[in-house]
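Student: One file is attached below, final.txt, containing compact mmCIF, C-alpha atoms.
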```
# COMPACT_ATOMS: atom_id res chain seq x y z
CA MET A 1 -15.57 -18.28 -77.86
CA LYS A 2 -12.31 -18.08 -75.95
CA VAL A 3 -14.18 -18.39 -72.67
CA CYS A 4 -15.75 -21.73 -73.51
CA THR A 5 -12.63 -23.20 -75.08
CA ILE A 6 -10.42 -22.39 -72.12
CA LYS A 7 -12.96 -23.52 -69.56
CA SER A 8 -13.48 -26.84 -71.32
CA LEU A 9 -9.73 -27.43 -71.30
CA LYS A 10 -9.60 -26.67 -67.60
CA SER A 11 -12.46 -28.99 -66.78
CA ILE A 12 -10.91 -31.96 -68.59
CA ALA A 13 -7.39 -31.14 -67.35
CA VAL A 14 -8.57 -31.05 -63.75
CA PHE A 15 -10.10 -34.48 -64.14
CA LEU A 16 -7.10 -36.04 -65.87
CA ILE A 17 -4.79 -34.71 -63.15
CA ALA A 18 -7.14 -36.05 -60.50
CA MET A 19 -7.34 -39.53 -62.01
CA THR A 20 -3.57 -39.94 -61.56
CA HIS A 21 -3.90 -39.05 -57.87
CA ALA A 22 -4.80 -41.18 -54.88
CA TYR A 23 -7.95 -42.85 -56.15
CA ALA A 24 -6.18 -45.86 -57.64
CA GLN A 25 -4.38 -46.35 -54.33
CA SER A 26 -7.40 -46.67 -52.02
CA SER A 27 -7.19 -48.81 -48.91
CA ASP A 28 -9.83 -50.74 -47.00
CA SER A 29 -8.23 -49.80 -43.69
CA ILE A 30 -10.51 -48.21 -41.11
CA VAL A 31 -7.76 -47.63 -38.56
CA PHE A 32 -7.00 -43.96 -38.12
CA LYS A 33 -3.42 -43.10 -39.01
CA LYS A 34 -2.44 -39.58 -38.02
CA ASN A 35 0.73 -39.58 -40.11
CA ARG A 36 -1.22 -40.61 -43.19
CA LEU A 37 -3.77 -37.87 -42.57
CA ARG A 38 -1.02 -35.29 -42.27
CA THR A 39 0.58 -36.59 -45.43
CA ALA A 40 -2.74 -36.57 -47.29
CA LEU A 41 -3.60 -33.02 -46.22
CA ALA A 42 -0.08 -31.82 -47.05
CA ILE A 43 -0.29 -33.38 -50.51
CA GLU A 44 -3.79 -32.00 -51.14
CA THR A 45 -2.74 -28.52 -50.02
CA SER A 46 0.40 -28.63 -52.15
CA VAL A 47 -1.49 -29.86 -55.20
CA PHE A 48 -4.12 -27.17 -54.72
CA ALA A 49 -1.54 -24.38 -54.35
CA ALA A 50 0.57 -25.61 -57.26
CA SER A 51 -2.49 -26.02 -59.46
CA MET A 52 -3.78 -22.53 -58.72
CA ILE A 53 -0.35 -21.03 -59.46
CA GLY A 54 -0.01 -23.12 -62.60
CA LEU A 55 -3.49 -22.24 -63.85
CA ASN A 56 -2.83 -18.59 -63.16
CA GLU A 57 0.39 -18.69 -65.19
CA LEU A 58 -1.01 -20.85 -67.97
CA TRP A 59 -4.50 -19.46 -68.50
CA TYR A 60 -4.83 -16.09 -66.76
CA LYS A 61 -1.44 -14.36 -66.80
CA ASP A 62 -1.81 -12.69 -70.18
CA ASP A 63 -5.44 -11.66 -69.70
CA PRO A 64 -6.48 -8.34 -68.17
CA ARG A 65 -7.54 -8.47 -64.52
CA ASP A 66 -10.68 -6.85 -63.21
CA HIS A 67 -12.62 -6.49 -60.01
CA PHE A 68 -14.45 -9.65 -58.94
CA HIS A 69 -17.53 -10.09 -61.10
CA PHE A 70 -20.04 -12.69 -62.22
CA PHE A 71 -20.56 -14.14 -65.68
CA ASN A 72 -23.74 -15.83 -66.89
CA ASP A 73 -22.90 -18.71 -69.22
CA ALA A 74 -25.90 -20.87 -68.30
CA GLU A 75 -27.18 -21.03 -71.89
CA GLU A 76 -23.89 -21.85 -73.58
CA TRP A 77 -23.21 -25.15 -75.37
CA LEU A 78 -26.73 -26.38 -74.49
CA GLN A 79 -25.37 -27.08 -70.99
CA VAL A 80 -23.04 -29.89 -72.12
CA ASP A 81 -20.18 -27.98 -70.49
CA LYS A 82 -22.12 -27.98 -67.20
CA MET A 83 -22.27 -31.76 -67.38
CA GLY A 84 -18.48 -31.67 -67.62
CA HIS A 85 -18.30 -29.60 -64.44
CA ALA A 86 -20.58 -32.02 -62.59
CA PHE A 87 -18.44 -34.89 -63.87
CA SER A 88 -15.26 -33.26 -62.54
CA GLY A 89 -16.90 -32.45 -59.20
CA TYR A 90 -18.08 -36.04 -58.84
CA TYR A 91 -14.71 -37.69 -59.42
CA LEU A 92 -12.71 -35.14 -57.47
CA GLY A 93 -15.11 -35.84 -54.60
CA LEU A 94 -14.49 -39.58 -54.89
CA ILE A 95 -10.74 -39.06 -54.95
CA GLY A 96 -10.93 -36.88 -51.84
CA MET A 97 -12.98 -39.51 -50.01
CA GLU A 98 -10.56 -42.27 -50.96
CA THR A 99 -7.66 -40.16 -49.74
CA MET A 100 -9.33 -39.74 -46.34
CA LYS A 101 -10.15 -43.47 -46.27
CA TRP A 102 -6.48 -44.22 -46.90
CA ALA A 103 -5.71 -42.10 -43.84
CA GLY A 104 -8.20 -44.09 -41.76
CA VAL A 105 -10.61 -41.19 -41.14
CA ARG A 106 -14.01 -42.37 -39.91
CA GLN A 107 -16.81 -42.65 -42.43
CA THR A 108 -18.90 -39.50 -42.00
CA LYS A 109 -15.86 -37.25 -41.61
CA ARG A 110 -13.99 -38.81 -44.51
CA ILE A 111 -17.02 -38.50 -46.77
CA TRP A 112 -17.77 -34.82 -46.26
CA LEU A 113 -14.22 -33.66 -45.59
CA GLY A 114 -12.80 -35.71 -48.44
CA ALA A 115 -15.46 -34.80 -50.97
CA SER A 116 -15.17 -31.12 -50.07
CA LEU A 117 -11.50 -31.11 -51.12
CA GLY A 118 -12.52 -31.47 -54.75
CA PHE A 119 -15.24 -28.87 -54.31
CA VAL A 120 -12.72 -26.39 -52.89
CA PHE A 121 -10.38 -27.10 -55.79
CA LEU A 122 -13.03 -26.34 -58.41
CA SER A 123 -14.20 -23.30 -56.45
CA GLY A 124 -10.66 -21.92 -56.60
CA ILE A 125 -10.78 -22.09 -60.39
CA GLU A 126 -14.06 -20.20 -60.44
CA VAL A 127 -12.60 -17.50 -58.18
CA LEU A 128 -9.73 -17.04 -60.63
CA ASP A 129 -12.33 -16.69 -63.38
CA GLY A 130 -14.09 -14.06 -61.28
CA PHE A 131 -11.07 -11.76 -61.35
CA SER A 132 -10.44 -12.15 -65.07
CA ARG A 133 -11.93 -9.58 -67.42
CA GLY A 134 -12.41 -12.15 -70.15
CA TRP A 135 -14.45 -14.50 -67.97
CA GLY A 136 -16.21 -14.20 -64.63
CA PHE A 137 -17.45 -16.23 -61.71
CA SER A 138 -20.10 -18.58 -63.09
CA MET A 139 -22.95 -19.55 -60.79
CA GLY A 140 -23.93 -22.17 -63.36
CA ASP A 141 -20.50 -23.79 -63.10
CA MET A 142 -20.66 -23.69 -59.32
CA ALA A 143 -24.10 -25.29 -59.33
CA ALA A 144 -22.80 -28.08 -61.56
CA ASN A 145 -19.68 -28.55 -59.40
CA THR A 146 -21.90 -28.77 -56.33
CA ALA A 147 -24.23 -31.29 -57.96
CA GLY A 148 -21.32 -33.58 -58.78
CA TYR A 149 -19.84 -33.28 -55.31
CA LEU A 150 -23.20 -33.98 -53.63
CA LEU A 151 -23.90 -36.98 -55.87
CA ALA A 152 -20.65 -38.59 -54.72
CA ALA A 153 -20.89 -37.66 -51.02
CA SER A 154 -24.60 -38.32 -50.45
CA GLN A 155 -24.48 -41.82 -51.95
CA GLN A 156 -21.44 -42.73 -49.88
CA GLN A 157 -23.18 -41.45 -46.76
CA LEU A 158 -26.49 -43.24 -47.42
CA PHE A 159 -25.36 -46.47 -49.07
CA ASP A 160 -21.59 -46.68 -48.49
CA LYS A 161 -21.17 -47.15 -52.24
CA GLN A 162 -21.91 -45.48 -55.55
CA ILE A 163 -25.18 -46.89 -56.86
CA MET A 164 -25.28 -44.13 -59.50
CA MET A 165 -22.13 -42.84 -61.12
CA LEU A 166 -21.27 -40.37 -63.85
CA LYS A 167 -19.53 -41.60 -66.98
CA PHE A 168 -18.09 -40.09 -70.12
CA SER A 169 -17.84 -41.05 -73.77
CA ALA A 170 -16.76 -39.18 -76.89
CA GLN A 171 -16.62 -39.59 -80.62
CA ALA A 172 -15.65 -37.51 -83.63
CA SER A 173 -18.23 -34.98 -84.80
CA PRO A 174 -18.49 -33.39 -88.26
CA TYR A 175 -18.48 -29.83 -86.90
CA ALA A 176 -14.90 -29.36 -85.70
CA SER A 177 -13.43 -29.19 -89.20
CA SER A 178 -15.38 -26.00 -89.90
CA ARG A 179 -14.12 -24.22 -86.77
CA PRO A 180 -10.95 -25.95 -85.56
CA ASN A 181 -9.70 -23.01 -83.49
CA VAL A 182 -12.68 -23.44 -81.16
CA LEU A 183 -13.63 -27.11 -81.54
CA GLY A 184 -10.13 -28.52 -82.01
CA SER A 185 -7.85 -29.45 -84.90
CA GLY A 186 -6.71 -32.92 -83.83
CA PHE A 187 -7.99 -35.90 -81.87
CA ALA A 188 -6.73 -34.75 -78.47
CA GLN A 189 -7.99 -31.18 -78.93
CA ARG A 190 -11.38 -32.31 -80.20
CA LEU A 191 -11.74 -34.69 -77.30
CA MET A 192 -11.46 -31.72 -74.94
CA LYS A 193 -12.99 -28.91 -76.95
CA ASP A 194 -15.72 -30.34 -79.15
CA TYR A 195 -18.88 -30.55 -77.04
CA ASN A 196 -20.71 -31.99 -80.05
CA GLY A 197 -18.82 -35.23 -79.62
CA GLN A 198 -19.12 -35.53 -75.84
CA THR A 199 -21.78 -37.56 -74.04
CA TYR A 200 -22.21 -37.66 -70.27
CA TRP A 201 -23.98 -40.60 -68.65
CA LEU A 202 -25.74 -41.37 -65.40
CA SER A 203 -24.98 -45.06 -64.92
CA ILE A 204 -27.06 -47.11 -62.47
CA THR A 205 -26.19 -50.59 -61.22
CA PRO A 206 -29.47 -52.54 -60.69
CA ALA A 207 -27.82 -55.16 -58.45
CA ASP A 208 -27.04 -52.40 -55.96
CA ILE A 209 -30.74 -51.48 -55.81
CA PHE A 210 -32.41 -54.89 -55.99
CA VAL A 211 -30.04 -56.55 -53.56
CA SER A 212 -32.39 -59.49 -52.94
CA CYS A 213 -32.28 -60.47 -56.62
CA LYS A 214 -29.25 -62.73 -56.79
CA THR A 215 -29.60 -63.35 -60.54
CA LEU A 216 -28.55 -59.80 -61.47
CA PRO A 217 -24.85 -59.63 -62.37
CA PRO A 218 -23.11 -57.15 -60.04
CA TRP A 219 -21.35 -55.54 -63.02
CA LEU A 220 -24.43 -55.00 -65.21
CA ALA A 221 -25.53 -51.36 -65.45
CA VAL A 222 -28.07 -49.18 -67.24
CA SER A 223 -26.97 -45.73 -68.41
CA PHE A 224 -28.85 -42.62 -69.46
CA GLY A 225 -26.87 -40.20 -71.60
CA TYR A 226 -27.01 -36.53 -72.52
CA GLY A 227 -25.23 -34.75 -75.35
CA ALA A 228 -25.87 -32.16 -78.05
CA LYS A 229 -25.01 -31.47 -81.67
CA GLY A 230 -25.03 -28.69 -84.25
CA MET A 231 -22.95 -26.33 -82.06
CA TYR A 232 -20.23 -24.24 -83.67
CA GLY A 233 -20.17 -21.74 -80.81
CA GLY A 234 -21.36 -21.34 -77.25
CA ASN A 235 -24.57 -19.44 -77.99
CA ASP A 236 -25.03 -19.50 -81.77
CA ASN A 237 -23.48 -20.59 -85.04
CA ILE A 238 -22.41 -17.19 -86.33
CA TRP A 239 -18.85 -15.88 -85.94
CA GLN A 240 -16.04 -13.91 -87.51
CA SER A 241 -12.45 -15.02 -88.03
CA MET A 242 -9.65 -12.97 -89.61
CA GLY A 243 -12.15 -10.55 -91.11
CA VAL A 244 -14.32 -13.28 -92.63
CA SER A 245 -17.91 -13.80 -91.48
CA TYR A 246 -19.35 -17.29 -91.09
CA ASP A 247 -23.05 -18.06 -90.75
CA TYR A 248 -24.05 -21.65 -89.97
CA SER A 249 -27.36 -20.70 -88.38
CA ILE A 250 -29.12 -23.09 -90.75
CA VAL A 251 -27.61 -25.95 -88.71
CA LYS A 252 -30.00 -26.89 -85.92
CA ARG A 253 -28.61 -26.94 -82.42
CA GLU A 254 -30.31 -29.74 -80.50
CA ARG A 255 -29.99 -31.85 -77.39
CA GLU A 256 -29.62 -35.63 -77.53
CA PHE A 257 -30.87 -38.19 -75.02
CA TYR A 258 -29.85 -41.84 -74.83
CA ALA A 259 -30.56 -45.06 -72.94
CA SER A 260 -28.03 -47.84 -72.99
CA LEU A 261 -26.75 -50.98 -71.33
CA ASP A 262 -23.42 -50.57 -69.59
CA ILE A 263 -20.78 -52.37 -67.54
CA ASN A 264 -19.73 -51.17 -64.11
CA LEU A 265 -16.01 -51.89 -64.26
CA TRP A 266 -15.69 -51.20 -60.54
CA ARG A 267 -17.86 -54.25 -59.78
CA ILE A 268 -15.71 -56.71 -61.73
CA LYS A 269 -13.67 -58.73 -59.28
CA THR A 270 -10.28 -60.16 -60.16
CA LYS A 271 -7.33 -61.44 -58.15
CA ASN A 272 -4.93 -59.63 -60.46
CA LYS A 273 -4.15 -56.39 -58.61
CA LEU A 274 -2.81 -54.65 -61.72
CA LEU A 275 -5.95 -55.47 -63.70
CA GLN A 276 -8.13 -54.40 -60.75
CA SER A 277 -6.34 -51.03 -60.64
CA ILE A 278 -6.77 -50.59 -64.40
CA LEU A 279 -10.50 -51.35 -64.20
CA LYS A 280 -10.89 -48.90 -61.34
CA THR A 281 -8.95 -46.19 -63.14
CA ILE A 282 -10.88 -46.45 -66.42
CA GLY A 283 -14.23 -47.02 -64.73
CA PHE A 284 -15.33 -43.48 -65.60
CA LEU A 285 -15.63 -44.47 -69.28
CA LYS A 286 -18.96 -45.58 -70.73
CA VAL A 287 -18.52 -49.05 -72.21
CA PRO A 288 -19.80 -49.28 -75.82
CA MET A 289 -23.07 -51.21 -75.65
CA PRO A 290 -26.46 -51.32 -77.44
CA THR A 291 -27.97 -47.83 -77.23
CA TYR A 292 -31.27 -46.18 -78.09
CA GLU A 293 -31.43 -42.49 -79.06
CA PHE A 294 -34.76 -40.92 -78.10
CA ASN A 295 -34.60 -37.94 -80.48
CA SER A 296 -34.31 -39.90 -83.71
CA GLY A 297 -35.63 -43.24 -82.52
CA ARG A 298 -32.42 -44.75 -83.79
CA PHE A 299 -30.90 -47.93 -82.31
CA TYR A 300 -27.12 -48.39 -82.23
CA PRO A 301 -25.67 -51.90 -81.73
CA PHE A 302 -22.68 -50.17 -80.13
CA PHE A 303 -22.46 -46.51 -79.18
CA PHE A 304 -19.53 -44.69 -77.60
```
Would you write out, as structure tokens, the structure that this file holds?
Tutor:
Amino acid sequence: MKVCTIKSLKSIAVFLIAMTHAYAQSSDSIVFKKNRLRTALAIETSVFAASMIGLNELWYKDDPRDHFHFFNDAEEWLQVDKMGHAFSGYYLGLIGMETMKWAGVRQTKRIWLGASLGFVFLSGIEVLDGFSRGWGFSMGDMAANTAGYLLAASQQQLFDKQIMMLKFSAQASPYASSRPNVLGSGFAQRLMKDYNGQTYWLSITPADIFVSCKTLPPWLAVSFGYGAKGMYGGNDNIWQSMGVSYDYSIVKREREFYASLDINLWRIKTKNKLLQSILKTIGFLKVPMPTYEFNSGRFYPFFF
């Protein structure tokens, strides 16, 4: 289970680092500024190099190295972890595009060059995995990274905005207490490690699609969520710890699908620049709204 725990930490850490980067400092300027481009590329290169060195020291240093090899984790965690990779790829792509926009790079170049910066970053992590004996280069992770990157770049190219965006929500699950070393022992750890409590959403803003309908609020969105429950481990619910065997195979591992109303915080306009920056920064979070769960047929007045 070490593989999944470490990789989940990396995925969330990459995103949290990225959210403190240039995205909240975007500019509407379309004038090319060579000095800004040089600065942006220098910062991106430095962040990439420092991150790779830091990840190597933090996560890989004490693990045996091996020749480059692949690792098939496509079936683990009912693919909730893959949603996390797509989520990271999506927002890293947006941050890269905003960085290039800040530098005044023209649209097509800034979209594909900027979005690719996040893709390269995540690819570097997978390469490090490929040389570690305990892990391996995951084609499933790369496919998810690519999907997130393409979702961001293709929409910006076609519509010059994000009609569909990925969002995240999380809540406490009852499973972590039985296996805290894998699923987390506190709020912060469970937020990152416990896939049972994570839900990833595809949020669509109808006003961006039905542009002729002036009655639709620009901030109103509809979200479709995916999560899973009953998971004590990546592939099954049987494990050993300190010589003791645990068998929770009676607990059913199952996927969960949701439909919900949502609010696109990026579409809320305010003259307060601080508030606007806050809304833009936390826009990746799914707003608690009335939600329907397809599996159980249950309706939640508010679901997060």
Student: Please list as number ranges by chain every residue within 10 Å of Ile238 (chain A), counting all atoms listed in the file and excluding residues in the same chain fewer than 2 positions away.
Tutor: A: 232-233, 235-236, 240, 245-250
Student: Between A:Ser178, A:Ser296, A:Gln79, A:Ser185, which has the minimum distance to Thr199 (chain A) (counting all atoms listed in the file)?
Tutor: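 Closest candidate: A:Gln79.
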Student: Could you check how far CA of Ser203 (chain A) sits from CA of Thr215 (chain A), in Å to one decimal?
Tutor: 19.4 Å
Student: If you measure from CA of Trp219 (chain A) to CA of Ile268 (chain A), what distance in Å do you get, rounded to one decimal?
Tutor: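 Taking CA of Trp219 (chain A) and CA of Ile268 (chain A), their separation equals 5.9 Å.
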Student: Write out, as a Markdown table, each residue of region 81-105 of chain A that has an atom at most 8 Å from region 150-162 of chain A, together with the closest pair of atoms and their distance in Å to one decimal, counting only C-alpha atoms, rows going by chain and rising number.
Tutor:
```
| residue | atom | partner | partner_atom | distance |
| --- | --- | --- | --- | --- |
| A:Tyr90 | CA | A:Ala152 | CA | 5.5 |
| A:Tyr91 | CA | A:Ala152 | CA | 7.6 |
| A:Gly93 | CA | A:Ala152 | CA | 6.2 |
| A:Leu94 | CA | A:Ala152 | CA | 6.2 |
```
Student: Kindly indicate which residue among A:Ser123, A:Tyr149, A:Ala74, A:Phe187 lies nearest to Met97 (chain A), using only C-alpha atoms for the distances.
Tutor: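 The shortest atom-to-atom distance to Met97 (chain A) comes from A:Tyr149.
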Student: Could you check how far CA of Ser260 (chain A) sits from CA of Val222 (chain A), in Å to one decimal?
Tutor: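 Between CA of Ser260 (chain A) and CA of Val222 (chain A) the gap works out to 5.9 Å.
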Student: Please determine, counting all atoms listed in the file, which residue among A:Trp77, A:Phe257, A:Phe137, A:Phe71 has the shortest atom-to-atom distance to Tyr200 (chain A).
Tutor: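 When distances to Tyr200 (chain A) are compared using all atoms listed in the file, the smallest one comes from A:Phe257.
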Student: Taking into account all atoms listed in the file, which residue in the set A:Phe68, A:Tyr258, A:Trp266, A:Tyr175 is nearest to Asp129 (chain A)?
Tutor: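 Counting all atoms listed in the file, the residue closest to Asp129 (chain A) is A:Phe68.
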Student: Looking at all atoms listed in the file, which of A:Gln171, A:Met289, A:Val182, A:Lys280 is the one that sits closest to Ala221 (chain A)?
Tutor: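 Of the candidates, the smallest distance to Ala221 (chain A) is held by A:Met289.
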Student: Using only C-alpha atoms, find the one residue out of A:Phe299, A:Gly186, A:Ile163, A:Asn237 that sits nearest to Arg267 (chain A).
Tutor: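 Ranking A:Phe299, A:Gly186, A:Ile163, A:Asn237 by distance to Arg267 (chain A), first place goes to A:Ile163.
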Student: Which protein, DNA or RNA residues have an atom at most 6 Å from (-7.1, -9.5, -68.6), counting all atoms listed in the file? List them as a ChimeraX atom specification.
Tutor: /A:63-65,132-133
Student: N, CA and C atoms for region 82-115 of chain A, written as a PDB file, in the frame of the given file, could you do that?
Tutor:
```
ATOM      1  N   LYS A  82     -21.730 -27.847 -68.611  1.00  0.00           N
ATOM      2  CA  LYS A  82     -22.120 -27.980 -67.200  1.00  0.00           C
ATOM      3  C   LYS A  82     -22.071 -29.440 -66.767  1.00  0.00           C
ATOM      4  N   MET A  83     -22.407 -30.333 -67.681  1.00  0.00           N
ATOM      5  CA  MET A  83     -22.270 -31.760 -67.380  1.00  0.00           C
ATOM      6  C   MET A  83     -20.811 -32.102 -67.113  1.00  0.00           C
ATOM      7  N   GLY A  84     -19.908 -31.455 -67.852  1.00  0.00           N
ATOM      8  CA  GLY A  84     -18.480 -31.670 -67.620  1.00  0.00           C
ATOM      9  C   GLY A  84     -18.050 -31.205 -66.250  1.00  0.00           C
ATOM     10  N   HIS A  85     -18.621 -30.092 -65.789  1.00  0.00           N
ATOM     11  CA  HIS A  85     -18.300 -29.600 -64.440  1.00  0.00           C
ATOM     12  C   HIS A  85     -18.811 -30.565 -63.372  1.00  0.00           C
ATOM     13  N   ALA A  86     -20.039 -31.057 -63.545  1.00  0.00           N
ATOM     14  CA  ALA A  86     -20.580 -32.020 -62.590  1.00  0.00           C
ATOM     15  C   ALA A  86     -19.733 -33.292 -62.573  1.00  0.00           C
ATOM     16  N   PHE A  87     -19.298 -33.719 -63.737  1.00  0.00           N
ATOM     17  CA  PHE A  87     -18.440 -34.890 -63.870  1.00  0.00           C
ATOM     18  C   PHE A  87     -17.138 -34.706 -63.097  1.00  0.00           C
ATOM     19  N   SER A  88     -16.501 -33.542 -63.265  1.00  0.00           N
ATOM     20  CA  SER A  88     -15.260 -33.260 -62.540  1.00  0.00           C
ATOM     21  C   SER A  88     -15.495 -33.207 -61.042  1.00  0.00           C
ATOM     22  N   GLY A  89     -16.577 -32.543 -60.622  1.00  0.00           N
ATOM     23  CA  GLY A  89     -16.900 -32.450 -59.200  1.00  0.00           C
ATOM     24  C   GLY A  89     -17.133 -33.815 -58.582  1.00  0.00           C
ATOM     25  N   TYR A  90     -17.778 -34.690 -59.333  1.00  0.00           N
ATOM     26  CA  TYR A  90     -18.080 -36.040 -58.840  1.00  0.00           C
ATOM     27  C   TYR A  90     -16.798 -36.822 -58.584  1.00  0.00           C
ATOM     28  N   TYR A  91     -15.910 -36.861 -59.568  1.00  0.00           N
ATOM     29  CA  TYR A  91     -14.710 -37.690 -59.420  1.00  0.00           C
ATOM     30  C   TYR A  91     -13.680 -37.067 -58.483  1.00  0.00           C
ATOM     31  N   LEU A  92     -13.595 -35.770 -58.458  1.00  0.00           N
ATOM     32  CA  LEU A  92     -12.710 -35.140 -57.470  1.00  0.00           C
ATOM     33  C   LEU A  92     -13.207 -35.430 -56.059  1.00  0.00           C
ATOM     34  N   GLY A  93     -14.542 -35.469 -55.896  1.00  0.00           N
ATOM     35  CA  GLY A  93     -15.110 -35.840 -54.600  1.00  0.00           C
ATOM     36  C   GLY A  93     -14.755 -37.262 -54.218  1.00  0.00           C
ATOM     37  N   LEU A  94     -14.856 -38.194 -55.162  1.00  0.00           N
ATOM     38  CA  LEU A  94     -14.490 -39.580 -54.890  1.00  0.00           C
ATOM     39  C   LEU A  94     -13.021 -39.713 -54.508  1.00  0.00           C
ATOM     40  N   ILE A  95     -12.176 -39.000 -55.229  1.00  0.00           N
ATOM     41  CA  ILE A  95     -10.740 -39.060 -54.950  1.00  0.00           C
ATOM     42  C   ILE A  95     -10.446 -38.531 -53.546  1.00  0.00           C
ATOM     43  N   GLY A  96     -11.112 -37.431 -53.185  1.00  0.00           N
ATOM     44  CA  GLY A  96     -10.930 -36.880 -51.840  1.00  0.00           C
ATOM     45  C   GLY A  96     -11.365 -37.851 -50.761  1.00  0.00           C
ATOM     46  N   MET A  97     -12.487 -38.542 -50.998  1.00  0.00           N
ATOM     47  CA  MET A  97     -12.980 -39.510 -50.010  1.00  0.00           C
ATOM     48  C   MET A  97     -12.028 -40.689 -49.890  1.00  0.00           C
ATOM     49  N   GLU A  98     -11.499 -41.161 -51.007  1.00  0.00           N
ATOM     50  CA  GLU A  98     -10.560 -42.270 -50.960  1.00  0.00           C
ATOM     51  C   GLU A  98      -9.261 -41.884 -50.262  1.00  0.00           C
ATOM     52  N   THR A  99      -8.866 -40.635 -50.431  1.00  0.00           N
ATOM     53  CA  THR A  99      -7.660 -40.160 -49.740  1.00  0.00           C
ATOM     54  C   THR A  99      -7.860 -40.182 -48.237  1.00  0.00           C
ATOM     55  N   MET A 100      -9.038 -39.716 -47.778  1.00  0.00           N
ATOM     56  CA  MET A 100      -9.330 -39.740 -46.340  1.00  0.00           C
ATOM     57  C   MET A 100      -9.490 -41.173 -45.823  1.00  0.00           C
ATOM     58  N   LYS A 101     -10.032 -42.054 -46.666  1.00  0.00           N
ATOM     59  CA  LYS A 101     -10.150 -43.470 -46.270  1.00  0.00           C
ATOM     60  C   LYS A 101      -8.768 -44.079 -46.099  1.00  0.00           C
ATOM     61  N   TRP A 102      -7.860 -43.745 -46.994  1.00  0.00           N
ATOM     62  CA  TRP A 102      -6.480 -44.220 -46.900  1.00  0.00           C
ATOM     63  C   TRP A 102      -5.842 -43.790 -45.577  1.00  0.00           C
ATOM     64  N   ALA A 103      -6.247 -42.612 -45.100  1.00  0.00           N
ATOM     65  CA  ALA A 103      -5.710 -42.100 -43.840  1.00  0.00           C
ATOM     66  C   ALA A 103      -6.443 -42.662 -42.632  1.00  0.00           C
ATOM     67  N   GLY A 104      -7.489 -43.473 -42.869  1.00  0.00           N
ATOM     68  CA  GLY A 104      -8.200 -44.090 -41.760  1.00  0.00           C
ATOM     69  C   GLY A 104      -9.206 -43.184 -41.073  1.00  0.00           C
ATOM     70  N   VAL A 105      -9.616 -42.096 -41.726  1.00  0.00           N
ATOM     71  CA  VAL A 105     -10.610 -41.190 -41.140  1.00  0.00           C
ATOM     72  C   VAL A 105     -11.966 -41.881 -41.117  1.00  0.00           C
ATOM     73  N   ARG A 106     -12.725 -41.699 -40.039  1.00  0.00           N
ATOM     74  CA  ARG A 106     -14.010 -42.370 -39.910  1.00  0.00           C
ATOM     75  C   ARG A 106     -14.980 -41.912 -41.000  1.00  0.00           C
ATOM     76  N   GLN A 107     -15.994 -42.772 -41.231  1.00  0.00           N
ATOM     77  CA  GLN A 107     -16.810 -42.650 -42.430  1.00  0.00           C
ATOM     78  C   GLN A 107     -17.409 -41.282 -42.670  1.00  0.00           C
ATOM     79  N   THR A 108     -18.211 -40.766 -41.746  1.00  0.00           N
ATOM     80  CA  THR A 108     -18.900 -39.500 -42.000  1.00  0.00           C
ATOM     81  C   THR A 108     -17.911 -38.365 -42.238  1.00  0.00           C
ATOM     82  N   LYS A 109     -16.855 -38.300 -41.440  1.00  0.00           N
ATOM     83  CA  LYS A 109     -15.860 -37.250 -41.610  1.00  0.00           C
ATOM     84  C   LYS A 109     -15.125 -37.389 -42.934  1.00  0.00           C
ATOM     85  N   ARG A 110     -14.757 -38.627 -43.265  1.00  0.00           N
ATOM     86  CA  ARG A 110     -13.990 -38.810 -44.510  1.00  0.00           C
ATOM     87  C   ARG A 110     -14.847 -38.497 -45.725  1.00  0.00           C
ATOM     88  N   ILE A 111     -16.142 -38.764 -45.636  1.00  0.00           N
ATOM     89  CA  ILE A 111     -17.020 -38.500 -46.770  1.00  0.00           C
ATOM     90  C   ILE A 111     -17.116 -37.007 -47.031  1.00  0.00           C
ATOM     91  N   TRP A 112     -17.504 -36.244 -46.028  1.00  0.00           N
ATOM     92  CA  TRP A 112     -17.770 -34.820 -46.260  1.00  0.00           C
ATOM     93  C   TRP A 112     -16.505 -33.984 -46.303  1.00  0.00           C
ATOM     94  N   LEU A 113     -15.498 -34.362 -45.503  1.00  0.00           N
ATOM     95  CA  LEU A 113     -14.220 -33.660 -45.590  1.00  0.00           C
ATOM     96  C   LEU A 113     -13.526 -34.004 -46.888  1.00  0.00           C
ATOM     97  N   GLY A 114     -13.489 -35.289 -47.223  1.00  0.00           N
ATOM     98  CA  GLY A 114     -12.800 -35.710 -48.440  1.00  0.00           C
ATOM     99  C   GLY A 114     -13.446 -35.154 -49.684  1.00  0.00           C
ATOM    100  N   ALA A 115     -14.767 -35.281 -49.778  1.00  0.00           N
ATOM    101  CA  ALA A 115     -15.460 -34.800 -50.970  1.00  0.00           C
ATOM    102  C   ALA A 115     -15.330 -33.291 -51.122  1.00  0.00           C
TER     103      ALA A 115
END
```
